Amino acid sequence: MSNDSADSVARLAAQLDEVSRRDAAFRLKTAQEYVQVEARQRELENKVHELNAYVHQLHLERDRLKSEVQAAHADVEAFAWMLHDAERDAAALGTLRNSAIWPLVSAWAKSPKLPQVATGAEAGDFDYFLHTSPYRLYRDTHFTLRGWLLPKNGQAVTGVRVAIDNKTFHGRSGIAEPDVIAQRGPQPKNPQPGFEITFEIPLGRHAFSLEAQLDNGLWRAALQMPVWCRPN
Amino acid sequence: MENGDPNRLWQDSVHALGERSNYKRIWNDQAAHPEVAKLAVAGYREEAGFEATAADTIATLRATTGISPYDIALEIGCGVGRVGKHLATQCYHWIGTDISGEMLRHASQRLQGLSNVTLLELHTVGLSEIYSGTMDLVYCTIVFMHLFEWDRYRYVQEMARVLRPGGRCYFDNIPLDSAHGWQVFSEGAAYPIHRRPAHMSMSSSREEFRSYLTHAGFEDIRIHDLPSGLIAGTGRKPY
């Protein structure tokens with residue numbers, strides 16, 4: 001092979017090397033850019049998935065609130081009818097009071113009184129929230145009350161119960177409430193302040209008391225009020 | 001090691017066979033500590049052993065697929081970077097992929113100082129993070145024994161996708177029809193059913209490798225008997 005030919009082959013080989021190097025560099029750049037794009041795309045897909053899940057949660061919450069509003073409207077209507085009935089009864093009673101037989105019947109007629117809570121628990125000082133509100137007219141004879149409560153003095157809660165008149169229903173305490181802890185900070189004695197109590201409620205008007213047992217063994221009432229049960 | 005014997009820690013980190021498909025969890029758990037990670041990928045911890053077997057693997061690649069200084073080489077299941085540490089010095093760029101981010105964390109320590117190295121965590125079985133037609137050489141060594149057959153084939157399919165036309169692939173496993181393969185098989189068979197570990201080695205056959213390569217569309221398909229006792233399948237992506 002002449003020197004010219006050898007030089008020519010060497011030049012071609014060098015050119016081929018250079019082309020191979022540029023080809024590899026281009027493909028590597030493409031691959032590296034794609035890695036970034038693909039990672040970003042997966043990140044966005046995850047974000048979309050997360051947002052979709054959140055929107056779904058909001059829809060569920062909206063539906064639940066709509067149901068509560070409907071139930072509240074129904075309760076207002078029921079209370080209006082109860083008031084109507086009470087006014088009618090009051091009018092009848094007024095008539096009766098003006099009648100000649102009132103002195104005879106008034107001796108044994110008694111006004112209905114709200115039953116007293118039989119547990120005798122004193123009122124305690126609590127922060128609390130009820131996820132399932134008892135401020136309503138009960139339409140079922142069973143109800144599950146859920147929420148959380150924290151004694152303001154930081155004592156540990158060792159038990160929870162609901163008293164309906166003189167009957168008590170013990171529930172489950174120590175349920176995690178991460179949002180509450182996140183909002184109010186660590187609660188050393190009540191790291192899981194949630195509770196759940198299922199109770200029966202007979203027809204009519206009753207005394208309701210939500211009570212918690214503290215670490216000294218005493219029961220203290222967080223909430224006491226009258227409730228009604230009037231099934232449809 | 002501050003937390004006890006690596007062999008014991010390794011035993012404690014394994015999952016049951018029913019978890020085998022959960023490769024990311026299995027291998028992340030086995031790679032929590034660098035010494036345990038080495039045991040999990042190679043069965044030994046000594047760096048000298050890693051150096052020697054890496055040289056063997058590179059010699060095998062050179063003999064079966066060839067290695068060019070302009071190759072972009074991609075390893076599937078690179079573990080702690082046993083092969084990559086040395087192969088990176090002989091190719092244009094080395095990409096180490098693994099489904100275990102923990103393994104890659106150890107690999108990044110071992111490969112410090114190498115500028116032509118990329119480490120990439122795979123989010124699932126496959127190479128969806130890699131653009132099609134960009135790689136010159138894709139190989140997978142001492143990995144298939146830990147995978148189910150469907151996942152082995154998925155990786156072979158992915159090799160075909162990410163290779164450029166003319167690109168080469170390589171994968172290996174223990175053959176069932178060898179003394180070593182039968183020993184591994186017998187050891188697996190001896191486990192009580194409920195105690196079979198998820199990463200337990202499962203052998204391959206020549207017919208299996210040939211089928212993978214054929215169905216994935218490779219040409220110039222070859223099955224190699226390696227001095228190490230493994231079999232390897234190689235192929236080239238058609239132009």
# chains A, B, ... in the order shown; residues from 1 in each chain; ligands from 1
$ interface_residues --of "chain B" --to "chain A" --cutoff "7 Å" --atoms "only C-alpha atoms" --output "list in words"
Tyr70, Asp71, Ile72, Glu129, Ile130, Tyr131 and Thr134 of chain B
$ residues_around --residues "range 141-154 of chain A" --least-positions-apart "6" --cutoff "8 Å" --atoms "only C-alpha atoms" --output "PyMOL selection string"
chain A and resi 124-134+177+187+189-190+193-203+229+231
$ closest_residue --among "B:Gly113, B:Gly233, B:Pro192, B:Gly4" --to "Phe209 in chain B" --atoms "only C-alpha atoms"
B:Gly233
$ residues_around --residues "range 77-90 of chain B" --least-positions-apart "2" --cutoff "6 Å" --atoms "only C-alpha atoms" --output "list of chain:residue names"
B:Phe50, B:Ala54, B:Pro69, B:Glu75, B:Trp94, B:Gly96, B:Thr97, B:Asp98, B:Met103, B:His106, B:Ala107, B:Leu111
